[in-house]
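Q: Please find one structure pasted underneath; my questions will follow.
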Amino acid sequence: MRVTALAGGVGGAKLVDGLAQILPPQDLTIIVNTGDDFQHLGLEISPDIDTVCYTLAGLANPLSGWGRENDTFMVMAGIQRLGGPAWFRLGDQDLATHLERTRRLRSGEPLSQVTRDLASSLGVRSRLLPMSNDPVRTMVRTEELGEIPFQEYFVLHRCEPRVQGFRFAGADTARPAPGVLKVMEEADLIVICPSNPWVSIDPILAVPGIRASLEYLYSGKLHKKLVIAISPIIAGKTIKGPAAKMYAELGIQPSALAILAHYSSLLTGFVIDRVDGKLAPEVRIPLLITNTLMNSRIDRRQLAQDVLDFAGRI
């Protein structure tokens, strides 16, 4: 089964790690959100690409979910002593990734090529694709601070400002990275990972052509491809990240049903946690109820296997 996964953040990285434990490398492609990308300390930072890459390489910090395990922060400590911007903490080993990415991007190489080579150098065998080589930047409209870049909202202000909406600057003129539309067209299954819908998945879908590729033309009619989403909200809360807070501040009751409504026009299957099983009567598409908490690599593999089995039954 050829699988294309749309991913961003820690939840997405964990699920694609589970998929990578099961699927041959040639059968798994991960399209990663780059709306979080930004420049910091003169470097080109791609947080979601790095989180997915480090997780697949077995290098991710298991406590934070981001950055590299057992990293040190001597450079950041020095920057802080000098009065520089140390609010976005970059580990010393992590800095090597950003330095090399920056060098190559500024020499004219596209992000997709740089991502492929960096992932390969870390031992990642599945294919990683940025959603676009063109800059797309997630902007968060807040009640207190107006519109601010996502990383300032997420890290500098610790998700405290009240959210009023989002804008994906540059998305309307961006193009999917080479290979993105092809792998979506050829996929037997498209998995929307348990990532934040607003800031991890929506930026991917905002790139022209990607949302449309979730449908196909047959006998003169548009049909949905086999698309399964896993809810990142369990019992009204998120395990990590501000998705539930965002839903509440936008006037939407945070729940697995809110995730279903968010993707309703795209999905042919939906996955929720067992604790939300009581919501089943309100779901009108094929539904899988299983354990979606991924506290270990065994959990990741089991959830991935459950999703693949579910897709086979659909």
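Each chain in the structure tokens gets a letter, A, B and so on, in the order shown; residues start at 1 in every chain, and ligands are counted from 1 in the order they appear.
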With a cut-off of 8 Å, could you pull out the residues of segment 222-277 of chain A touching segment 151-172 of chain A and give me the nearest pair of atoms for each, distance in Å to one decimal, using only C-alpha atoms, ordered by chain and ascending number, as CSV?
A:
residue,atom,partner,partner_atom,distance
A:Pro242,CA,A:Cys159,CA,6.8
A:Met246,CA,A:Val163,CA,6.1
A:Glu249,CA,A:Val163,CA,5.9
A:Leu250,CA,A:Gln164,CA,6.2
Q: Near Glu282 of chain A, within 12 Å and counting only C-alpha atoms, which residues show up once chain neighbours fewer than 4 positions away are dropped, as a PyMOL selection string?
A: chain A and resi 256-258+260-261+270+276-278+286-287
Q: Selection from above, all heavy atoms, as a PDB file, in the first residue's frame, can you write it?
A:
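So result_28.pdb came out as:
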ATOM      1  N   ALA A 256     -13.304  15.693  19.244  1.00  0.00           N
ATOM      2  CA  ALA A 256     -13.034  14.943  18.017  1.00  0.00           C
ATOM      3  C   ALA A 256     -14.025  15.327  16.923  1.00  0.00           C
ATOM      4  O   ALA A 256     -13.681  15.335  15.736  1.00  0.00           O
ATOM      5  CB  ALA A 256     -13.082  13.449  18.298  1.00  0.00           C
ATOM      6  N   LEU A 257     -15.257  15.663  17.314  1.00  0.00           N
ATOM      7  CA  LEU A 257     -16.254  16.066  16.320  1.00  0.00           C
ATOM      8  C   LEU A 257     -15.873  17.382  15.645  1.00  0.00           C
ATOM      9  O   LEU A 257     -16.194  17.594  14.472  1.00  0.00           O
ATOM     10  CB  LEU A 257     -17.633  16.173  16.972  1.00  0.00           C
ATOM     11  CG  LEU A 257     -18.241  14.861  17.474  1.00  0.00           C
ATOM     12  CD1 LEU A 257     -19.582  15.128  18.150  1.00  0.00           C
ATOM     13  CD2 LEU A 257     -18.396  13.859  16.338  1.00  0.00           C
ATOM     14  N   ALA A 258     -15.205  18.265  16.377  1.00  0.00           N
ATOM     15  CA  ALA A 258     -14.740  19.514  15.768  1.00  0.00           C
ATOM     16  C   ALA A 258     -13.678  19.225  14.712  1.00  0.00           C
ATOM     17  O   ALA A 258     -13.641  19.879  13.662  1.00  0.00           O
ATOM     18  CB  ALA A 258     -14.178  20.437  16.844  1.00  0.00           C
ATOM     19  N   LEU A 260     -13.512  16.420  12.969  1.00  0.00           N
ATOM     20  CA  LEU A 260     -14.258  15.827  11.855  1.00  0.00           C
ATOM     21  C   LEU A 260     -14.908  16.914  11.009  1.00  0.00           C
ATOM     22  O   LEU A 260     -14.839  16.875   9.771  1.00  0.00           O
ATOM     23  CB  LEU A 260     -15.316  14.866  12.389  1.00  0.00           C
ATOM     24  CG  LEU A 260     -16.240  14.219  11.354  1.00  0.00           C
ATOM     25  CD1 LEU A 260     -15.441  13.394  10.355  1.00  0.00           C
ATOM     26  CD2 LEU A 260     -17.291  13.357  12.051  1.00  0.00           C
ATOM     27  N   ALA A 261     -15.509  17.897  11.661  1.00  0.00           N
ATOM     28  CA  ALA A 261     -16.146  18.994  10.918  1.00  0.00           C
ATOM     29  C   ALA A 261     -15.109  19.792  10.131  1.00  0.00           C
ATOM     30  O   ALA A 261     -15.377  20.259   9.017  1.00  0.00           O
ATOM     31  CB  ALA A 261     -16.906  19.899  11.884  1.00  0.00           C
ATOM     32  N   PHE A 270     -12.364   8.155   9.546  1.00  0.00           N
ATOM     33  CA  PHE A 270     -11.973   8.988  10.677  1.00  0.00           C
ATOM     34  C   PHE A 270     -11.598   8.074  11.838  1.00  0.00           C
ATOM     35  O   PHE A 270     -12.195   7.007  12.022  1.00  0.00           O
ATOM     36  CB  PHE A 270     -13.137   9.901  11.064  1.00  0.00           C
ATOM     37  CG  PHE A 270     -12.813  10.976  12.066  1.00  0.00           C
ATOM     38  CD1 PHE A 270     -11.689  11.776  11.910  1.00  0.00           C
ATOM     39  CD2 PHE A 270     -13.640  11.210  13.162  1.00  0.00           C
ATOM     40  CE1 PHE A 270     -11.385  12.785  12.829  1.00  0.00           C
ATOM     41  CE2 PHE A 270     -13.351  12.200  14.082  1.00  0.00           C
ATOM     42  CZ  PHE A 270     -12.224  12.990  13.910  1.00  0.00           C
ATOM     43  N   ASP A 276     -13.424   8.588  23.489  1.00  0.00           N
ATOM     44  CA  ASP A 276     -14.431   9.359  22.758  1.00  0.00           C
ATOM     45  C   ASP A 276     -15.424   8.463  22.033  1.00  0.00           C
ATOM     46  O   ASP A 276     -16.174   8.929  21.169  1.00  0.00           O
ATOM     47  CB  ASP A 276     -13.752  10.300  21.755  1.00  0.00           C
ATOM     48  CG  ASP A 276     -13.049  11.467  22.431  1.00  0.00           C
ATOM     49  OD1 ASP A 276     -13.617  12.005  23.402  1.00  0.00           O
ATOM     50  OD2 ASP A 276     -11.938  11.822  22.002  1.00  0.00           O
ATOM     51  N   GLY A 277     -15.437   7.186  22.387  1.00  0.00           N
ATOM     52  CA  GLY A 277     -16.319   6.239  21.704  1.00  0.00           C
ATOM     53  C   GLY A 277     -17.782   6.625  21.741  1.00  0.00           C
ATOM     54  O   GLY A 277     -18.539   6.301  20.824  1.00  0.00           O
ATOM     55  N   LYS A 278     -18.194   7.360  22.763  1.00  0.00           N
ATOM     56  CA  LYS A 278     -19.602   7.773  22.875  1.00  0.00           C
ATOM     57  C   LYS A 278     -20.014   8.719  21.747  1.00  0.00           C
ATOM     58  O   LYS A 278     -21.214   8.934  21.515  1.00  0.00           O
ATOM     59  CB  LYS A 278     -19.827   8.469  24.212  1.00  0.00           C
ATOM     60  CG  LYS A 278     -18.994   9.721  24.427  1.00  0.00           C
ATOM     61  CD  LYS A 278     -19.219  10.306  25.802  1.00  0.00           C
ATOM     62  CE  LYS A 278     -18.394  11.564  26.043  1.00  0.00           C
ATOM     63  NZ  LYS A 278     -16.929  11.306  25.984  1.00  0.00           N
ATOM     64  N   PRO A 286     -17.147   6.046   7.738  1.00  0.00           N
ATOM     65  CA  PRO A 286     -16.488   4.938   8.423  1.00  0.00           C
ATOM     66  C   PRO A 286     -15.598   5.433   9.555  1.00  0.00           C
ATOM     67  O   PRO A 286     -14.828   6.392   9.394  1.00  0.00           O
ATOM     68  CB  PRO A 286     -15.679   4.275   7.306  1.00  0.00           C
ATOM     69  CG  PRO A 286     -16.483   4.541   6.076  1.00  0.00           C
ATOM     70  CD  PRO A 286     -17.034   5.922   6.257  1.00  0.00           C
ATOM     71  N   LEU A 287     -15.723   4.788  10.712  1.00  0.00           N
ATOM     72  CA  LEU A 287     -15.068   5.253  11.928  1.00  0.00           C
ATOM     73  C   LEU A 287     -14.275   4.118  12.564  1.00  0.00           C
ATOM     74  O   LEU A 287     -14.765   2.986  12.666  1.00  0.00           O
ATOM     75  CB  LEU A 287     -16.122   5.757  12.918  1.00  0.00           C
ATOM     76  CG  LEU A 287     -15.627   6.185  14.306  1.00  0.00           C
ATOM     77  CD1 LEU A 287     -14.764   7.437  14.212  1.00  0.00           C
ATOM     78  CD2 LEU A 287     -16.813   6.416  15.242  1.00  0.00           C
TER      79      LEU A 287
END
Q: Within 6 Å of segment 128-130 of chain A, counting only C-alpha atoms, which residues show up once you throw out same-chain ones fewer than 4 positions away? Write them as a PyMOL selection string, please.
A: chain A and resi 29-32+112
Q: Output the selection as a PDB file, in the first residue's frame - C-alpha atoms for each residue.
A:
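Full text of selection-v6.pdb as output:
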ATOM      1  CA  THR A  29       6.042   9.703   1.651  1.00  0.00           C
ATOM      2  CA  ILE A  30       5.571  12.433   4.249  1.00  0.00           C
ATOM      3  CA  ILE A  31       4.518  15.902   3.141  1.00  0.00           C
ATOM      4  CA  VAL A  32       5.558  18.257   5.918  1.00  0.00           C
ATOM      5  CA  SER A 112      13.104  19.930  -1.140  1.00  0.00           C
TER       6      SER A 112
END
Q: In Å, rounded to a single decimal, give me how far atom CA of Met131 of chain A is from atom CA of Pro149 of chain A.
A: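 Atom CA of Met131 of chain A lies 18.4 Å from atom CA of Pro149 of chain A.
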Q: Take atom CA of Gln39 of chain A and atom CA of Asp134 of chain A and report the distance between them in Å, one decimal.
A: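 These atoms are spaced 14.2 Å apart.
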Q: Mind checking DSSP for segment 146-214 of chain A and telling me the strand (DSSP E) residues as a list in words?
A: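 Of segment 146-214 of chain A, only Gly146, Glu147, Ile148, Pro149, Val163, Gln164, Gly165, Phe166, Arg167, Phe168, Ala169, Leu189, Ile190, Val191 and Ile192 of chain A fall in strand (DSSP E).
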Q: Could the residues in this selection be saved with all heavy atoms as a compact mmCIF listing (two decimals), in the first residue's frame?
A:
# COMPACT_ATOMS: atom_id res chain seq x y z
N GLY A 146 -2.49 41.75 17.84
CA GLY A 146 -2.71 41.84 16.41
C GLY A 146 -2.18 40.60 15.71
O GLY A 146 -2.16 39.51 16.28
N GLU A 147 -1.71 40.75 14.48
CA GLU A 147 -1.21 39.61 13.72
C GLU A 147 0.28 39.42 13.98
O GLU A 147 1.07 40.36 13.81
CB GLU A 147 -1.47 39.82 12.23
CG GLU A 147 -1.13 38.60 11.38
CD GLU A 147 -1.48 38.79 9.93
OE1 GLU A 147 -0.75 39.54 9.24
OE2 GLU A 147 -2.48 38.21 9.47
N ILE A 148 0.65 38.22 14.38
CA ILE A 148 2.05 37.93 14.67
C ILE A 148 2.44 36.60 14.02
O ILE A 148 1.59 35.74 13.80
CB ILE A 148 2.32 37.85 16.20
CG1 ILE A 148 1.41 36.80 16.87
CG2 ILE A 148 2.14 39.22 16.84
CD1 ILE A 148 1.68 36.62 18.35
N PRO A 149 3.73 36.41 13.70
CA PRO A 149 4.18 35.13 13.13
C PRO A 149 3.95 33.99 14.11
O PRO A 149 4.01 34.18 15.33
CB PRO A 149 5.67 35.36 12.88
CG PRO A 149 5.83 36.84 12.82
CD PRO A 149 4.81 37.41 13.75
N VAL A 163 -6.62 33.69 20.24
CA VAL A 163 -6.58 33.57 18.79
C VAL A 163 -7.90 34.05 18.17
O VAL A 163 -8.98 33.73 18.67
CB VAL A 163 -6.32 32.10 18.40
CG1 VAL A 163 -6.55 31.87 16.92
CG2 VAL A 163 -4.90 31.70 18.78
N GLN A 164 -7.78 34.80 17.08
CA GLN A 164 -8.95 35.25 16.33
C GLN A 164 -8.99 34.70 14.92
O GLN A 164 -10.04 34.74 14.26
CB GLN A 164 -8.97 36.79 16.28
CG GLN A 164 -9.15 37.44 17.65
CD GLN A 164 -9.17 38.95 17.56
OE1 GLN A 164 -8.42 39.55 16.78
NE2 GLN A 164 -10.02 39.58 18.35
N GLY A 165 -7.88 34.18 14.43
CA GLY A 165 -7.86 33.61 13.08
C GLY A 165 -6.44 33.41 12.59
O GLY A 165 -5.47 33.68 13.31
N PHE A 166 -6.33 32.97 11.34
CA PHE A 166 -5.02 32.63 10.77
C PHE A 166 -4.94 33.12 9.33
O PHE A 166 -5.95 33.24 8.64
CB PHE A 166 -4.80 31.11 10.80
CG PHE A 166 -5.00 30.50 12.16
CD1 PHE A 166 -6.24 29.99 12.53
CD2 PHE A 166 -3.97 30.46 13.07
CE1 PHE A 166 -6.44 29.44 13.78
CE2 PHE A 166 -4.16 29.91 14.32
CZ PHE A 166 -5.39 29.40 14.69
N ARG A 167 -3.72 33.39 8.90
CA ARG A 167 -3.48 33.73 7.50
C ARG A 167 -2.19 33.05 7.08
O ARG A 167 -1.23 33.01 7.84
CB ARG A 167 -3.35 35.25 7.34
CG ARG A 167 -3.08 35.72 5.91
CD ARG A 167 -3.16 37.23 5.81
NE ARG A 167 -2.08 37.88 6.53
CZ ARG A 167 -0.91 38.23 5.97
NH1 ARG A 167 -0.67 37.96 4.68
NH2 ARG A 167 0.03 38.83 6.67
N PHE A 168 -2.19 32.51 5.86
CA PHE A 168 -1.01 31.81 5.36
C PHE A 168 -0.39 32.67 4.27
O PHE A 168 -0.71 32.56 3.08
CB PHE A 168 -1.39 30.42 4.86
CG PHE A 168 -2.15 29.64 5.90
CD1 PHE A 168 -3.45 29.22 5.66
CD2 PHE A 168 -1.56 29.36 7.11
CE1 PHE A 168 -4.15 28.52 6.63
CE2 PHE A 168 -2.25 28.66 8.09
CZ PHE A 168 -3.55 28.24 7.85
N ALA A 169 0.49 33.56 4.70
CA ALA A 169 1.09 34.53 3.79
C ALA A 169 1.92 33.82 2.73
O ALA A 169 2.77 32.99 3.04
CB ALA A 169 1.98 35.50 4.58
N LEU A 189 -3.52 5.51 -0.15
CA LEU A 189 -4.09 6.06 1.08
C LEU A 189 -3.39 7.36 1.41
O LEU A 189 -2.16 7.44 1.36
CB LEU A 189 -3.91 5.06 2.24
CG LEU A 189 -4.17 5.59 3.65
CD1 LEU A 189 -5.64 5.96 3.83
CD2 LEU A 189 -3.74 4.55 4.69
N ILE A 190 -4.19 8.37 1.77
CA ILE A 190 -3.65 9.62 2.28
C ILE A 190 -4.05 9.73 3.75
O ILE A 190 -5.24 9.63 4.08
CB ILE A 190 -4.15 10.83 1.48
CG1 ILE A 190 -3.61 10.75 0.05
CG2 ILE A 190 -3.72 12.14 2.15
CD1 ILE A 190 -4.17 11.78 -0.90
N VAL A 191 -3.06 9.89 4.61
CA VAL A 191 -3.29 9.98 6.05
C VAL A 191 -3.08 11.42 6.51
O VAL A 191 -2.02 11.99 6.26
CB VAL A 191 -2.35 9.04 6.83
CG1 VAL A 191 -2.52 9.24 8.34
CG2 VAL A 191 -2.60 7.59 6.45
N ILE A 192 -4.10 11.98 7.14
CA ILE A 192 -3.95 13.28 7.79
C ILE A 192 -3.60 12.99 9.25
O ILE A 192 -4.42 12.48 10.01
CB ILE A 192 -5.22 14.14 7.68
CG1 ILE A 192 -5.53 14.41 6.20
CG2 ILE A 192 -5.05 15.45 8.44
CD1 ILE A 192 -6.79 15.23 5.97
Q: So how many Å separate atom CA of His98 of chain A and atom CA of Ala177 of chain A, to one decimal?
A: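 These two atoms are separated by 19.9 Å.
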Q: If you run DSSP over the backbone, which residues in segment 62-226 of chain A end up alpha helix (DSSP H)? Put them as a ChimeraX atom specification.
A: /A:74-81,92-106,111-121,150-151,180-186,202-206
Q: Might you pull out every residue within 10 Å of Met184 of chain A, with only C-alpha atoms counted and same-chain residues fewer than 4 positions away left off, and present them as a PDB file with all heavy atoms, in the first residue's frame?
A:
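Final output, saved to result-v5.pdb:
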ATOM      1  N   ARG A   2       0.658   2.113  -0.968  1.00  0.00           N
ATOM      2  CA  ARG A   2       1.418   3.362  -1.035  1.00  0.00           C
ATOM      3  C   ARG A   2       0.694   4.420  -0.213  1.00  0.00           C
ATOM      4  O   ARG A   2      -0.471   4.721  -0.466  1.00  0.00           O
ATOM      5  CB  ARG A   2       1.557   3.812  -2.479  1.00  0.00           C
ATOM      6  CG  ARG A   2       2.422   2.879  -3.339  1.00  0.00           C
ATOM      7  CD  ARG A   2       2.274   3.180  -4.809  1.00  0.00           C
ATOM      8  NE  ARG A   2       0.900   2.966  -5.251  1.00  0.00           N
ATOM      9  CZ  ARG A   2       0.479   3.099  -6.510  1.00  0.00           C
ATOM     10  NH1 ARG A   2       1.326   3.465  -7.442  1.00  0.00           N
ATOM     11  NH2 ARG A   2      -0.781   2.877  -6.831  1.00  0.00           N
ATOM     12  N   VAL A   3       1.397   4.990   0.752  1.00  0.00           N
ATOM     13  CA  VAL A   3       0.795   5.912   1.699  1.00  0.00           C
ATOM     14  C   VAL A   3       1.492   7.269   1.622  1.00  0.00           C
ATOM     15  O   VAL A   3       2.726   7.348   1.610  1.00  0.00           O
ATOM     16  CB  VAL A   3       0.889   5.367   3.140  1.00  0.00           C
ATOM     17  CG1 VAL A   3       0.327   6.377   4.139  1.00  0.00           C
ATOM     18  CG2 VAL A   3       0.159   4.034   3.248  1.00  0.00           C
ATOM     19  N   THR A   4       0.680   8.308   1.571  1.00  0.00           N
ATOM     20  CA  THR A   4       1.185   9.674   1.694  1.00  0.00           C
ATOM     21  C   THR A   4       0.583  10.273   2.953  1.00  0.00           C
ATOM     22  O   THR A   4      -0.633  10.249   3.142  1.00  0.00           O
ATOM     23  CB  THR A   4       0.807  10.527   0.469  1.00  0.00           C
ATOM     24  OG1 THR A   4       1.465  10.005  -0.697  1.00  0.00           O
ATOM     25  CG2 THR A   4       1.233  11.979   0.661  1.00  0.00           C
ATOM     26  N   ALA A   5       1.436  10.782   3.823  1.00  0.00           N
ATOM     27  CA  ALA A   5       0.977  11.355   5.087  1.00  0.00           C
ATOM     28  C   ALA A   5       1.213  12.859   5.082  1.00  0.00           C
ATOM     29  O   ALA A   5       2.272  13.331   4.645  1.00  0.00           O
ATOM     30  CB  ALA A   5       1.708  10.715   6.264  1.00  0.00           C
ATOM     31  N   LEU A   6       0.216  13.605   5.573  1.00  0.00           N
ATOM     32  CA  LEU A   6       0.358  15.045   5.770  1.00  0.00           C
ATOM     33  C   LEU A   6       0.643  15.252   7.252  1.00  0.00           C
ATOM     34  O   LEU A   6      -0.130  14.822   8.113  1.00  0.00           O
ATOM     35  CB  LEU A   6      -0.915  15.786   5.377  1.00  0.00           C
ATOM     36  CG  LEU A   6      -1.509  15.486   3.988  1.00  0.00           C
ATOM     37  CD1 LEU A   6      -2.684  16.418   3.703  1.00  0.00           C
ATOM     38  CD2 LEU A   6      -0.465  15.578   2.898  1.00  0.00           C
ATOM     39  N   THR A  29       5.570   8.339   1.878  1.00  0.00           N
ATOM     40  CA  THR A  29       6.042   9.703   1.651  1.00  0.00           C
ATOM     41  C   THR A  29       5.356  10.612   2.662  1.00  0.00           C
ATOM     42  O   THR A  29       4.149  10.510   2.884  1.00  0.00           O
ATOM     43  CB  THR A  29       5.728  10.186   0.228  1.00  0.00           C
ATOM     44  OG1 THR A  29       6.353   9.315  -0.720  1.00  0.00           O
ATOM     45  CG2 THR A  29       6.228  11.599   0.015  1.00  0.00           C
ATOM     46  N   ILE A  31       4.549  14.502   3.549  1.00  0.00           N
ATOM     47  CA  ILE A  31       4.518  15.902   3.141  1.00  0.00           C
ATOM     48  C   ILE A  31       4.417  16.740   4.411  1.00  0.00           C
ATOM     49  O   ILE A  31       3.476  16.605   5.190  1.00  0.00           O
ATOM     50  CB  ILE A  31       3.336  16.185   2.201  1.00  0.00           C
ATOM     51  CG1 ILE A  31       3.472  15.343   0.931  1.00  0.00           C
ATOM     52  CG2 ILE A  31       3.264  17.675   1.857  1.00  0.00           C
ATOM     53  CD1 ILE A  31       2.257  15.385   0.032  1.00  0.00           C
ATOM     54  N   GLY A 179       7.155  16.734  -6.836  1.00  0.00           N
ATOM     55  CA  GLY A 179       6.823  15.402  -6.359  1.00  0.00           C
ATOM     56  C   GLY A 179       5.605  15.336  -5.477  1.00  0.00           C
ATOM     57  O   GLY A 179       5.013  14.263  -5.312  1.00  0.00           O
ATOM     58  N   VAL A 180       5.181  16.474  -4.902  1.00  0.00           N
ATOM     59  CA  VAL A 180       4.061  16.460  -3.963  1.00  0.00           C
ATOM     60  C   VAL A 180       2.773  15.987  -4.623  1.00  0.00           C
ATOM     61  O   VAL A 180       2.104  15.064  -4.144  1.00  0.00           O
ATOM     62  CB  VAL A 180       3.874  17.848  -3.311  1.00  0.00           C
ATOM     63  CG1 VAL A 180       2.508  17.949  -2.636  1.00  0.00           C
ATOM     64  CG2 VAL A 180       4.973  18.113  -2.290  1.00  0.00           C
ATOM     65  N   ASP A 188      -2.318   5.098  -2.521  1.00  0.00           N
ATOM     66  CA  ASP A 188      -3.506   4.291  -2.240  1.00  0.00           C
ATOM     67  C   ASP A 188      -4.252   4.834  -1.027  1.00  0.00           C
ATOM     68  O   ASP A 188      -5.461   4.639  -0.892  1.00  0.00           O
ATOM     69  CB  ASP A 188      -3.104   2.835  -1.975  1.00  0.00           C
ATOM     70  CG  ASP A 188      -2.369   2.222  -3.155  1.00  0.00           C
ATOM     71  OD1 ASP A 188      -2.922   2.270  -4.272  1.00  0.00           O
ATOM     72  OD2 ASP A 188      -1.246   1.716  -2.962  1.00  0.00           O
ATOM     73  N   LEU A 189      -3.524   5.513  -0.150  1.00  0.00           N
ATOM     74  CA  LEU A 189      -4.089   6.059   1.076  1.00  0.00           C
ATOM     75  C   LEU A 189      -3.390   7.361   1.415  1.00  0.00           C
ATOM     76  O   LEU A 189      -2.162   7.444   1.357  1.00  0.00           O
ATOM     77  CB  LEU A 189      -3.908   5.063   2.242  1.00  0.00           C
ATOM     78  CG  LEU A 189      -4.169   5.589   3.654  1.00  0.00           C
ATOM     79  CD1 LEU A 189      -5.642   5.958   3.833  1.00  0.00           C
ATOM     80  CD2 LEU A 189      -3.737   4.551   4.694  1.00  0.00           C
ATOM     81  N   ILE A 190      -4.187   8.369   1.767  1.00  0.00           N
ATOM     82  CA  ILE A 190      -3.648   9.623   2.284  1.00  0.00           C
ATOM     83  C   ILE A 190      -4.055   9.726   3.751  1.00  0.00           C
ATOM     84  O   ILE A 190      -5.239   9.632   4.084  1.00  0.00           O
ATOM     85  CB  ILE A 190      -4.147  10.834   1.482  1.00  0.00           C
ATOM     86  CG1 ILE A 190      -3.608  10.755   0.050  1.00  0.00           C
ATOM     87  CG2 ILE A 190      -3.721  12.144   2.149  1.00  0.00           C
ATOM     88  CD1 ILE A 190      -4.171  11.785  -0.896  1.00  0.00           C
ATOM     89  N   ILE A 210      -3.012  21.180  -3.778  1.00  0.00           N
ATOM     90  CA  ILE A 210      -2.916  20.075  -2.825  1.00  0.00           C
ATOM     91  C   ILE A 210      -4.292  19.629  -2.357  1.00  0.00           C
ATOM     92  O   ILE A 210      -4.611  18.434  -2.365  1.00  0.00           O
ATOM     93  CB  ILE A 210      -2.008  20.456  -1.638  1.00  0.00           C
ATOM     94  CG1 ILE A 210      -0.565  20.614  -2.118  1.00  0.00           C
ATOM     95  CG2 ILE A 210      -2.102  19.402  -0.534  1.00  0.00           C
ATOM     96  CD1 ILE A 210       0.446  20.920  -1.033  1.00  0.00           C
ATOM     97  N   SER A 213      -6.074  17.699  -4.943  1.00  0.00           N
ATOM     98  CA  SER A 213      -5.546  16.360  -5.225  1.00  0.00           C
ATOM     99  C   SER A 213      -6.147  15.295  -4.317  1.00  0.00           C
ATOM    100  O   SER A 213      -5.901  14.109  -4.511  1.00  0.00           O
ATOM    101  CB  SER A 213      -4.023  16.357  -5.076  1.00  0.00           C
ATOM    102  OG  SER A 213      -3.649  16.526  -3.731  1.00  0.00           O
ATOM    103  N   LEU A 214      -6.941  15.713  -3.334  1.00  0.00           N
ATOM    104  CA  LEU A 214      -7.631  14.744  -2.479  1.00  0.00           C
ATOM    105  C   LEU A 214      -8.887  14.201  -3.150  1.00  0.00           C
ATOM    106  O   LEU A 214      -9.592  13.377  -2.582  1.00  0.00           O
ATOM    107  CB  LEU A 214      -7.995  15.377  -1.140  1.00  0.00           C
ATOM    108  CG  LEU A 214      -6.811  15.856  -0.298  1.00  0.00           C
ATOM    109  CD1 LEU A 214      -7.297  16.497   0.985  1.00  0.00           C
ATOM    110  CD2 LEU A 214      -5.861  14.713   0.011  1.00  0.00           C
ATOM    111  N   GLU A 215      -9.170  14.678  -4.347  1.00  0.00           N
ATOM    112  CA  GLU A 215     -10.295  14.171  -5.137  1.00  0.00           C
ATOM    113  C   GLU A 215      -9.771  13.684  -6.479  1.00  0.00           C
ATOM    114  O   GLU A 215      -8.682  14.050  -6.920  1.00  0.00           O
ATOM    115  CB  GLU A 215     -11.333  15.266  -5.359  1.00  0.00           C
ATOM    116  CG  GLU A 215     -11.957  15.810  -4.080  1.00  0.00           C
ATOM    117  CD  GLU A 215     -12.944  16.930  -4.360  1.00  0.00           C
ATOM    118  OE1 GLU A 215     -12.714  17.698  -5.310  1.00  0.00           O
ATOM    119  OE2 GLU A 215     -13.933  17.040  -3.625  1.00  0.00           O
ATOM    120  N   LYS A 225     -10.604  10.672  -2.707  1.00  0.00           N
ATOM    121  CA  LYS A 225      -9.624   9.612  -2.551  1.00  0.00           C
ATOM    122  C   LYS A 225      -9.797   8.991  -1.164  1.00  0.00           C
ATOM    123  O   LYS A 225     -10.571   9.490  -0.335  1.00  0.00           O
ATOM    124  CB  LYS A 225      -8.212  10.181  -2.713  1.00  0.00           C
ATOM    125  CG  LYS A 225      -7.888  10.651  -4.135  1.00  0.00           C
ATOM    126  CD  LYS A 225      -6.450  11.100  -4.250  1.00  0.00           C
ATOM    127  CE  LYS A 225      -5.480   9.937  -4.205  1.00  0.00           C
ATOM    128  NZ  LYS A 225      -5.421   9.187  -5.461  1.00  0.00           N
TER     129      LYS A 225
END
Q: Which is closer to Phe310 of chain A than all the others in A:Leu226, A:Thr173, A:Gly9, A:Ile252, using only C-alpha atoms?
A: A:Leu226
Q: Find, counting only C-alpha atoms, the residue in A:Ile234, A:Ala13, A:Cys193, A:Leu23 that gets nearest to Leu59 of chain A.
A: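 For Leu59 of chain A, the nearest of the candidates is A:Ala13.
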Q: Given the choices A:Gly108, A:Lys240, A:Tyr247, A:Glu185, which gets closest to Trp66 of chain A if the distance is worked out from only C-alpha atoms?
A: A:Lys240
Q: Quick one: of A:Ile239, A:Ile259, A:Leu279, A:Met74, who's nearest to Asn295 of chain A, counting only C-alpha atoms?
A: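 Counting only C-alpha atoms, the residue closest to Asn295 of chain A is A:Ile239.
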Q: Between A:Pro178, A:Phe38, A:Val52, A:Ala229, which one has atoms that come closest to Met139 of chain A, using only C-alpha atoms?
A: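 Nearest candidate to Met139 of chain A out of A:Pro178, A:Phe38, A:Val52, A:Ala229: A:Phe38.
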Q: If we count only C-alpha atoms, what is near Leu293 of chain A at a cut-off of 12 Å, once residues fewer than 3 positions away on the same chain are taken out, given as JSON, numbers by chain?
A: {"A": [11, 14, 15, 194, 230, 231, 232, 233, 234, 235, 238, 239, 240, 271, 272, 273, 274, 275, 289, 290, 296, 297, 298, 299, 300, 301, 302, 303, 304]}
Q: Which of these residues is nearest to Gly58 of chain A, using only C-alpha atoms: A:Gly241, A:Pro203, A:Gly251, A:Gly123?
A: A:Gly123
